[in-house]
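Raw start17.pdb, PDB, C-alpha atoms:
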```pdb
ATOM      1  CA  MET A  15      85.264 121.367 110.354
ATOM      2  CA  SER A  16      84.677 119.768 106.991
ATOM      3  CA  SER A  17      82.012 117.107 106.561
ATOM      4  CA  THR A  18      83.085 116.340 102.975
ATOM      5  CA  LEU A  19      84.177 112.744 102.428
ATOM      6  CA  VAL A  20      87.900 112.292 101.789
ATOM      7  CA  PRO A  21      88.712 109.778  98.995
ATOM      8  CA  PRO A  22      90.738 106.723 100.087
ATOM      9  CA  ALA A  23      93.388 107.408  97.439
ATOM     10  CA  GLU A  24      93.925 110.889  98.877
ATOM     11  CA  ILE A  25      94.382 109.398 102.342
ATOM     12  CA  ALA A  26      96.871 106.817 101.051
ATOM     13  CA  ALA A  27      98.914 109.489  99.263
ATOM     14  CA  ASP A  28      99.092 111.868 102.251
ATOM     15  CA  ALA A  29     102.461 111.518 104.004
ATOM     16  CA  THR A  30     101.012 113.125 107.142
ATOM     17  CA  LEU A  31      98.666 110.113 107.430
ATOM     18  CA  ALA A  32     101.365 107.448 107.095
ATOM     19  CA  ASP A  33     100.291 105.934 110.440
ATOM     20  CA  TRP A  34      96.762 105.305 109.153
ATOM     21  CA  ARG A  35      95.069 102.952 106.713
ATOM     22  CA  TYR A  36      91.615 103.196 105.136
ATOM     23  CA  GLY A  37      89.104 100.348 105.019
ATOM     24  CA  VAL A  38      85.327  99.850 105.229
ATOM     25  CA  GLY A  39      84.517 103.531 105.646
ATOM     26  CA  ALA A  40      87.040 104.331 108.394
ATOM     27  CA  ILE A  41      90.712 105.032 108.970
ATOM     28  CA  ARG A  42      92.533 102.902 111.524
ATOM     29  CA  ALA A  43      95.842 102.988 113.315
ATOM     30  CA  GLU A  44      97.687 101.015 115.956
ATOM     31  CA  PHE A  45     100.248 102.565 118.290
ATOM     32  CA  VAL A  46     102.280 100.369 120.634
ATOM     33  CA  ALA A  47     103.611 102.031 123.772
ATOM     34  CA  THR A  48     106.549 100.715 125.788
ATOM     35  CA  SER A  49     104.281  99.406 128.546
ATOM     36  CA  PHE A  50     100.648  98.740 129.384
ATOM     37  CA  PRO A  51     100.454 101.845 131.643
ATOM     38  CA  GLY A  52     102.054 103.796 128.798
ATOM     39  CA  GLY A  53      99.345 102.580 126.440
ATOM     40  CA  ALA A  54      96.675 103.560 128.950
ATOM     41  CA  ALA A  55      98.221 107.020 129.293
ATOM     42  CA  LEU A  56      98.247 107.443 125.509
ATOM     43  CA  LEU A  57      94.633 106.331 125.310
ATOM     44  CA  ALA A  58      93.735 108.964 127.915
ATOM     45  CA  GLU A  59      95.531 111.659 125.899
ATOM     46  CA  VAL A  60      93.721 110.601 122.737
ATOM     47  CA  ALA A  61      90.396 110.678 124.601
ATOM     48  CA  ALA A  62      91.130 114.208 125.845
ATOM     49  CA  ALA A  63      92.048 115.382 122.336
ATOM     50  CA  ALA A  64      88.862 113.824 120.955
ATOM     51  CA  GLU A  65      86.768 115.552 123.607
ATOM     52  CA  ALA A  66      88.412 118.871 122.798
ATOM     53  CA  ALA A  67      87.645 118.358 119.114
ATOM     54  CA  ASP A  68      84.110 117.128 119.902
ATOM     55  CA  HIS A  69      84.790 114.189 117.582
ATOM     56  CA  HIS A  70      85.119 110.795 119.192
ATOM     57  CA  PRO A  71      86.888 107.709 117.777
ATOM     58  CA  ALA A  72      86.606 104.076 118.777
ATOM     59  CA  LEU A  73      89.504 103.230 121.092
ATOM     60  CA  HIS A  74      90.849  99.833 122.164
ATOM     61  CA  LEU A  75      93.680  99.062 124.561
ATOM     62  CA  ARG A  76      95.397  95.679 124.565
ATOM     63  CA  TRP A  77      98.431  94.259 126.330
ATOM     64  CA  PRO A  78     101.356  95.010 126.154
ATOM     65  CA  GLY A  79     100.327  98.595 125.446
ATOM     66  CA  ALA A  80      98.755  98.558 122.005
ATOM     67  CA  VAL A  81      96.205 101.282 121.327
ATOM     68  CA  ARG A  82      93.970 100.855 118.285
ATOM     69  CA  VAL A  83      92.015 103.804 116.944
ATOM     70  CA  GLU A  84      89.179 103.907 114.411
ATOM     71  CA  LEU A  85      87.979 107.210 113.003
ATOM     72  CA  TRP A  86      84.926 107.948 110.870
ATOM     73  CA  SER A  87      82.140 110.522 110.754
ATOM     74  CA  HIS A  88      78.763 108.929 111.491
ATOM     75  CA  ASP A  89      76.815 111.852 110.062
ATOM     76  CA  ALA A  90      78.667 111.692 106.731
ATOM     77  CA  GLY A  91      78.937 107.916 106.469
ATOM     78  CA  GLY A  92      82.703 107.809 106.045
ATOM     79  CA  VAL A  93      85.992 109.609 106.558
ATOM     80  CA  THR A  94      85.898 113.410 106.516
ATOM     81  CA  GLY A  95      88.276 116.277 107.177
ATOM     82  CA  ARG A  96      87.355 116.038 110.857
ATOM     83  CA  ASP A  97      88.765 112.527 110.989
ATOM     84  CA  VAL A  98      91.898 113.507 109.087
ATOM     85  CA  ASP A  99      92.556 116.429 111.426
ATOM     86  CA  LEU A 100      92.116 114.303 114.534
ATOM     87  CA  ALA A 101      94.237 111.509 113.024
ATOM     88  CA  ARG A 102      97.149 113.912 112.636
ATOM     89  CA  THR A 103      96.706 115.078 116.220
ATOM     90  CA  ILE A 104      96.671 111.486 117.482
ATOM     91  CA  SER A 105      99.800 110.620 115.511
ATOM     92  CA  GLY A 106     101.538 113.570 117.146
ATOM     93  CA  LEU A 107     100.488 112.431 120.609
ATOM     94  CA  ALA A 108     101.713 108.897 119.900
ATOM     95  CA  ALA A 109     105.070 110.136 118.621
ATOM     96  CA  SER A 110     105.536 112.332 121.699
ATOM     97  CA  ALA A 111     104.750 109.337 123.913
ATOM     98  CA  GLY A 112     107.339 107.188 122.130
ATOM     99  CA  ALA A 113     104.698 104.774 120.855
ATOM    100  CA  GLU A 114     105.456 102.860 117.662
ATOM    101  CA  ALA A 115     102.969 103.137 114.809
ATOM    102  CA  ARG A 116     102.107  99.783 113.221
ATOM    103  CA  PRO A 117      99.659 100.604 110.419
ATOM    104  CA  LEU A 118     100.098  97.302 108.601
ATOM    105  CA  ARG A 119      98.496  95.393 111.481
ATOM    106  CA  VAL A 120      95.071  97.034 111.292
ATOM    107  CA  GLN A 121      92.138  95.377 109.534
ATOM    108  CA  ALA A 122      88.352  95.047 109.589
ATOM    109  CA  VAL A 123      86.550  91.682 109.551
ATOM    110  CA  GLU A 124      83.003  91.095 108.292
ATOM    111  CA  TRP A 125      81.027  87.868 107.896
ATOM    112  CA  THR A 126      78.967  87.557 104.728
ATOM    113  CA  ILE A 127      76.051  85.161 104.288
ATOM    114  CA  ASP A 128      74.696  84.450 100.818
ATOM    115  CA  THR A 129      70.922  84.158 100.933
ATOM    116  CA  GLU A 130      67.883  84.219  98.707
ATOM    117  CA  ASP A 131      65.842  85.918 101.447
ATOM    118  CA  ALA A 132      67.713  88.087 103.959
ATOM    119  CA  ASP A 133      64.523  88.964 105.838
ATOM    120  CA  ARG A 134      63.945  85.280 106.550
ATOM    121  CA  ILE A 135      67.282  84.688 108.281
ATOM    122  CA  ARG A 136      68.164  88.130 109.676
ATOM    123  CA  PRO A 137      66.072  87.683 112.878
ATOM    124  CA  PHE A 138      68.003  84.508 113.730
ATOM    125  CA  TRP A 139      71.373  86.232 113.498
ATOM    126  CA  LEU A 140      70.121  89.221 115.459
ATOM    127  CA  ALA A 141      68.937  86.910 118.215
ATOM    128  CA  VAL A 142      71.886  84.539 118.379
ATOM    129  CA  LEU A 143      74.502  87.314 118.350
ATOM    130  CA  GLY A 144      72.581  89.900 120.342
ATOM    131  CA  TYR A 145      73.171  92.397 117.514
ATOM    132  CA  SER A 146      71.104  95.354 116.315
ATOM    133  CA  ASP A 147      69.418  95.622 112.937
ATOM    134  CA  ASP A 148      70.315  98.016 110.139
ATOM    135  CA  PRO A 149      68.282  98.888 107.043
ATOM    136  CA  ALA A 150      71.373  98.509 104.846
ATOM    137  CA  ALA A 151      71.125  94.696 104.803
ATOM    138  CA  PHE A 152      73.546  93.936 107.611
ATOM    139  CA  VAL A 153      73.482  93.443 111.360
ATOM    140  CA  ASP A 154      75.959  95.096 113.657
ATOM    141  CA  ASP A 155      77.275  94.633 117.179
ATOM    142  CA  PRO A 156      75.695  97.436 119.224
ATOM    143  CA  ALA A 157      78.774  97.446 121.477
ATOM    144  CA  GLY A 158      81.033  97.938 118.463
ATOM    145  CA  PHE A 159      83.357  94.995 119.156
ATOM    146  CA  GLY A 160      82.137  92.079 117.045
ATOM    147  CA  PRO A 161      82.252  91.811 113.238
ATOM    148  CA  ALA A 162      79.333  92.986 111.138
ATOM    149  CA  ILE A 163      77.187  90.327 109.455
ATOM    150  CA  LEU A 164      76.270  91.124 105.851
ATOM    151  CA  PHE A 165      73.596  89.426 103.738
ATOM    152  CA  GLN A 166      74.533  89.050 100.088
ATOM    153  CA  PRO A 167      71.757  88.306  97.579
ATOM    154  CA  MET A 168      71.934  85.047  95.648
ATOM    155  CA  ASP A 169      69.536  83.377  93.253
ATOM    156  CA  ASP A 170      71.123  80.035  92.367
ATOM    157  CA  GLY A 171      70.145  78.086  95.489
ATOM    158  CA  ARG A 172      73.796  77.174  96.090
ATOM    159  CA  THR A 173      74.134  73.581  97.264
ATOM    160  CA  GLN A 174      77.761  72.711  96.489
ATOM    161  CA  ARG A 175      79.489  75.663  98.206
ATOM    162  CA  ASN A 176      79.309  77.192 101.654
ATOM    163  CA  ARG A 177      77.010  80.150 101.995
ATOM    164  CA  ILE A 178      79.099  81.905 104.664
ATOM    165  CA  HIS A 179      82.444  83.547 103.983
ATOM    166  CA  VAL A 180      84.703  86.026 105.759
ATOM    167  CA  ASP A 181      85.625  89.446 104.347
ATOM    168  CA  ILE A 182      88.958  90.697 105.694
ATOM    169  CA  SER A 183      89.589  94.325 104.745
ATOM    170  CA  VAL A 184      93.301  94.960 105.037
ATOM    171  CA  PRO A 185      95.634  97.896 104.296
ATOM    172  CA  HIS A 186      96.131  98.202 100.545
ATOM    173  CA  ASP A 187      99.881  97.691 100.954
ATOM    174  CA  VAL A 188      99.340  94.398 102.805
ATOM    175  CA  ALA A 189      96.783  92.687 100.550
ATOM    176  CA  GLU A 190      99.018  90.843  98.089
ATOM    177  CA  ARG A 191     101.264  89.579 100.896
ATOM    178  CA  ARG A 192      98.199  88.385 102.788
ATOM    179  CA  VAL A 193      96.939  86.535  99.710
ATOM    180  CA  ALA A 194     100.346  84.968  99.134
ATOM    181  CA  ALA A 195     100.582  83.871 102.769
ATOM    182  CA  ALA A 196      97.128  82.271 102.603
ATOM    183  CA  LEU A 197      98.053  80.369  99.443
ATOM    184  CA  ALA A 198     101.340  79.241 100.975
ATOM    185  CA  ALA A 199      99.398  78.002 104.006
ATOM    186  CA  GLY A 200      97.432  75.527 101.903
ATOM    187  CA  GLY A 201      94.749  77.798 100.468
ATOM    188  CA  ARG A 202      93.717  78.118  96.857
ATOM    189  CA  LEU A 203      92.735  81.066  94.710
ATOM    190  CA  VAL A 204      89.062  80.856  93.768
ATOM    191  CA  SER A 205      88.953  84.115  91.830
ATOM    192  CA  GLU A 206      90.991  87.259  91.266
ATOM    193  CA  GLU A 207      88.474  88.725  88.824
ATOM    194  CA  HIS A 208      87.824  91.695  91.104
ATOM    195  CA  ALA A 209      91.369  92.263  92.388
ATOM    196  CA  ARG A 210      92.525  94.638  93.772
ATOM    197  CA  ALA A 211      89.101  95.259  95.297
ATOM    198  CA  TRP A 212      89.050  91.668  96.547
ATOM    199  CA  TRP A 213      90.547  88.226  96.041
ATOM    200  CA  VAL A 214      88.420  85.136  96.764
ATOM    201  CA  LEU A 215      90.369  82.381  98.526
ATOM    202  CA  ALA A 216      89.405  79.022  99.997
ATOM    203  CA  ASP A 217      90.908  76.602 102.477
ATOM    204  CA  ALA A 218      91.393  72.896 101.758
ATOM    205  CA  ASP A 219      87.775  72.189 102.768
ATOM    206  CA  GLY A 220      86.387  74.861 100.451
ATOM    207  CA  ASN A 221      85.557  77.458 103.137
ATOM    208  CA  GLU A 222      85.944  80.855 101.527
ATOM    209  CA  ALA A 223      87.439  84.183 102.567
ATOM    210  CA  CYS A 224      87.863  87.435 100.666
ATOM    211  CA  VAL A 225      90.900  89.639 101.152
ATOM    212  CA  CYS A 226      89.622  93.136 100.418
ATOM    213  CA  THR A 227      90.982  96.647  99.907
ATOM    214  CA  TRP A 228      89.572 100.026  98.955
ATOM    215  CA  GLN A 229      91.369  99.956  95.618
ATOM    216  CA  ASP A 230      89.739  99.551  92.183
ATOM    217  CA  ARG A 231      86.237 100.174  93.486
ATOM    218  CA  THR A 232      83.687 102.396  91.800
TER     219      THR A 232
END
```

Full structure transcribed into structure tokens:
Amino acid sequence: MSSTLVPPAEIAADATLADWRYGVGAIRAEFVATSFPGGAALLAEVAAAAEAADHHPALHLRWPGAVRVELWSHDAGGVTGRDVDLARTISGLAASAGAEARPLRVQAVEWTIDTEDADRIRPFWLAVLGYSDDPAAFVDDPAGFGPAILFQPMDDGRTQRNRIHVDISVPHDVAERRVAAALAAGGRLVSEEHARAWWVLADADGNEACVCTWQDRT
């Protein structure tokens, strides 16, 4: 099985991966069965297929029968041919089970803290969240459920803006609608300088969030 990273654009253009969306180094899908037991049965089939492939995704089951799947290759640091192959298998299992694919509902959420000294504040966030440390300047939930906390370097001693913002990585074909919805809900556009990689938005109090995609990134 290939361990070569698959470019996000290639994933987006592949009709056999229409159930999946790329974001933050993984591909994600949601399949909604006709009942909660049906969702549990689908999850069991996916688990069996993953065991057979010796390649194991993150799986989540929620009422009323929604199964969310995240696939990435830890050893390669992103999506590889192994993930693509298993994604196609999972889509086939979901279709056979009569589960509806809802790719536009998947997303990944990260909290970002601007700081002049990440080492000074990282221990606090590790302790208060019960997270594990990572040398790549972020802390992560060891159980894999909570959002990652990233530390973004700053040097201007920001006093007039919040230092914490939310990064919401959404499917590339959802991003502009998500931005429009946020603006219609009373938000304002802070910057679109880096769109389509990300748009910076703020609520009426100035709290910021970035809507992010894989597009237009180097």

Take the PyMOL selection byres ((chain A and resi 125) around 9), apply it to the structure above, and return the hits as a list in words.
->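 Applying the expression gives Val123, Glu124, Thr126, Ile127, Pro161, Ala162, Ile163, Leu164, Phe165, Ile178, His179, Val180, Asp181 and Ile182 of chain A.
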
Evaluating the PyMOL selection byres ((chain A and resi 57-64) around 9) on the displayed file yields which residues, as a ChimeraX atom specification?
-> /A:52-56,65-71,73-75,81-82,100,103-104,107-108

Around the point (103.0, 104.8, 104.0) in the file's coordinates, collect all residues with an atom within 12 Å, using all atoms listed in the file, and return them as a short mmCIF file (atom, residue, chain, number, x, y, z; two decimals) with C-alpha atoms, keeping the file's coordinate frame.
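The result, written out as part-v4.cif:
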```cif
data_model
loop_
_atom_site.label_atom_id
_atom_site.label_comp_id
_atom_site.auth_asym_id
_atom_site.auth_seq_id
_atom_site.Cartn_x
_atom_site.Cartn_y
_atom_site.Cartn_z
CA ALA A 23 93.39 107.41 97.44
CA ILE A 25 94.38 109.40 102.34
CA ALA A 26 96.87 106.82 101.05
CA ALA A 27 98.91 109.49 99.26
CA ASP A 28 99.09 111.87 102.25
CA ALA A 29 102.46 111.52 104.00
CA THR A 30 101.01 113.12 107.14
CA LEU A 31 98.67 110.11 107.43
CA ALA A 32 101.36 107.45 107.10
CA ASP A 33 100.29 105.93 110.44
CA TRP A 34 96.76 105.30 109.15
CA ARG A 35 95.07 102.95 106.71
CA TYR A 36 91.62 103.20 105.14
CA ALA A 43 95.84 102.99 113.32
CA ALA A 115 102.97 103.14 114.81
CA ARG A 116 102.11 99.78 113.22
CA PRO A 117 99.66 100.60 110.42
CA LEU A 118 100.10 97.30 108.60
CA PRO A 185 95.63 97.90 104.30
CA HIS A 186 96.13 98.20 100.54
CA ASP A 187 99.88 97.69 100.95
CA VAL A 188 99.34 94.40 102.80
#
```

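What separates CA of Asp131 in chain A from CA of Asp154 in chain A is a distance of 18.3 Å.
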
What gap, in Å, lies between CA of Ser146 in chain A and CA of His88 in chain A?
->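 Between CA of Ser146 in chain A and CA of His88 in chain A the gap is 16.3 Å.
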
For Ala132 in chain A, list every protein, DNA or RNA residue within 8 Å, evaluated using only C-alpha atoms, and leave out those in the same chain fewer than 2 positions away; present the list as a list in words.
->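 Once the adjacent positions are removed, what remains is Thr129, Glu130, Arg134, Ile135, Arg136, Ala151, Phe165, Gln166 and Pro167 of chain A.
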
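Residue nearest Arg96 in chain A within the list A:Leu143, A:Ile41, A:Ser110, A:Asp133: A:Ile41 [criterion: smallest interatomic distance, all atoms listed in the file].
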
Using the partial input, fill out range 120-133 of chain A with N, CA and C atoms; write the result as a CSV table (one decimal), keeping the file's coordinate frame.
```csv
chain,number,residue,atom,x,y,z
A,120,VAL,N,96.5,96.8,111.1
A,120,VAL,CA,95.1,97.0,111.3
A,120,VAL,C,94.3,96.3,110.2
A,121,GLN,N,93.0,96.0,110.5
A,121,GLN,CA,92.1,95.4,109.5
A,121,GLN,C,90.7,95.4,110.1
A,122,ALA,N,89.8,95.1,109.2
A,122,ALA,CA,88.4,95.0,109.6
A,122,ALA,C,87.8,93.7,109.1
A,123,VAL,N,87.1,93.0,109.9
A,123,VAL,CA,86.6,91.7,109.6
A,123,VAL,C,85.0,91.7,109.5
A,124,GLU,N,84.5,91.2,108.4
A,124,GLU,CA,83.0,91.1,108.3
A,124,GLU,C,82.7,89.7,107.8
A,125,TRP,N,81.5,89.2,108.4
A,125,TRP,CA,81.0,87.9,107.9
A,125,TRP,C,79.9,88.1,106.9
A,126,THR,N,80.0,87.4,105.8
A,126,THR,CA,79.0,87.6,104.7
A,126,THR,C,78.2,86.2,104.5
A,127,ILE,N,76.9,86.3,104.5
A,127,ILE,CA,76.1,85.2,104.3
A,127,ILE,C,75.3,85.3,103.0
A,128,ASP,N,75.5,84.4,102.1
A,128,ASP,CA,74.7,84.4,100.8
A,128,ASP,C,73.3,83.9,101.1
A,129,THR,N,72.3,84.6,100.6
A,129,THR,CA,70.9,84.2,100.9
A,129,THR,C,70.0,84.6,99.8
A,130,GLU,N,68.9,83.8,99.7
A,130,GLU,CA,67.9,84.2,98.7
A,130,GLU,C,66.8,85.1,99.4
A,131,ASP,N,66.9,85.2,100.7
A,131,ASP,CA,65.8,85.9,101.4
A,131,ASP,C,66.4,86.4,102.8
A,132,ALA,N,67.1,87.6,102.8
A,132,ALA,CA,67.7,88.1,104.0
A,132,ALA,C,66.7,88.3,105.1
A,133,ASP,N,65.5,88.7,104.8
A,133,ASP,CA,64.5,89.0,105.8
A,133,ASP,C,64.2,87.7,106.6
```
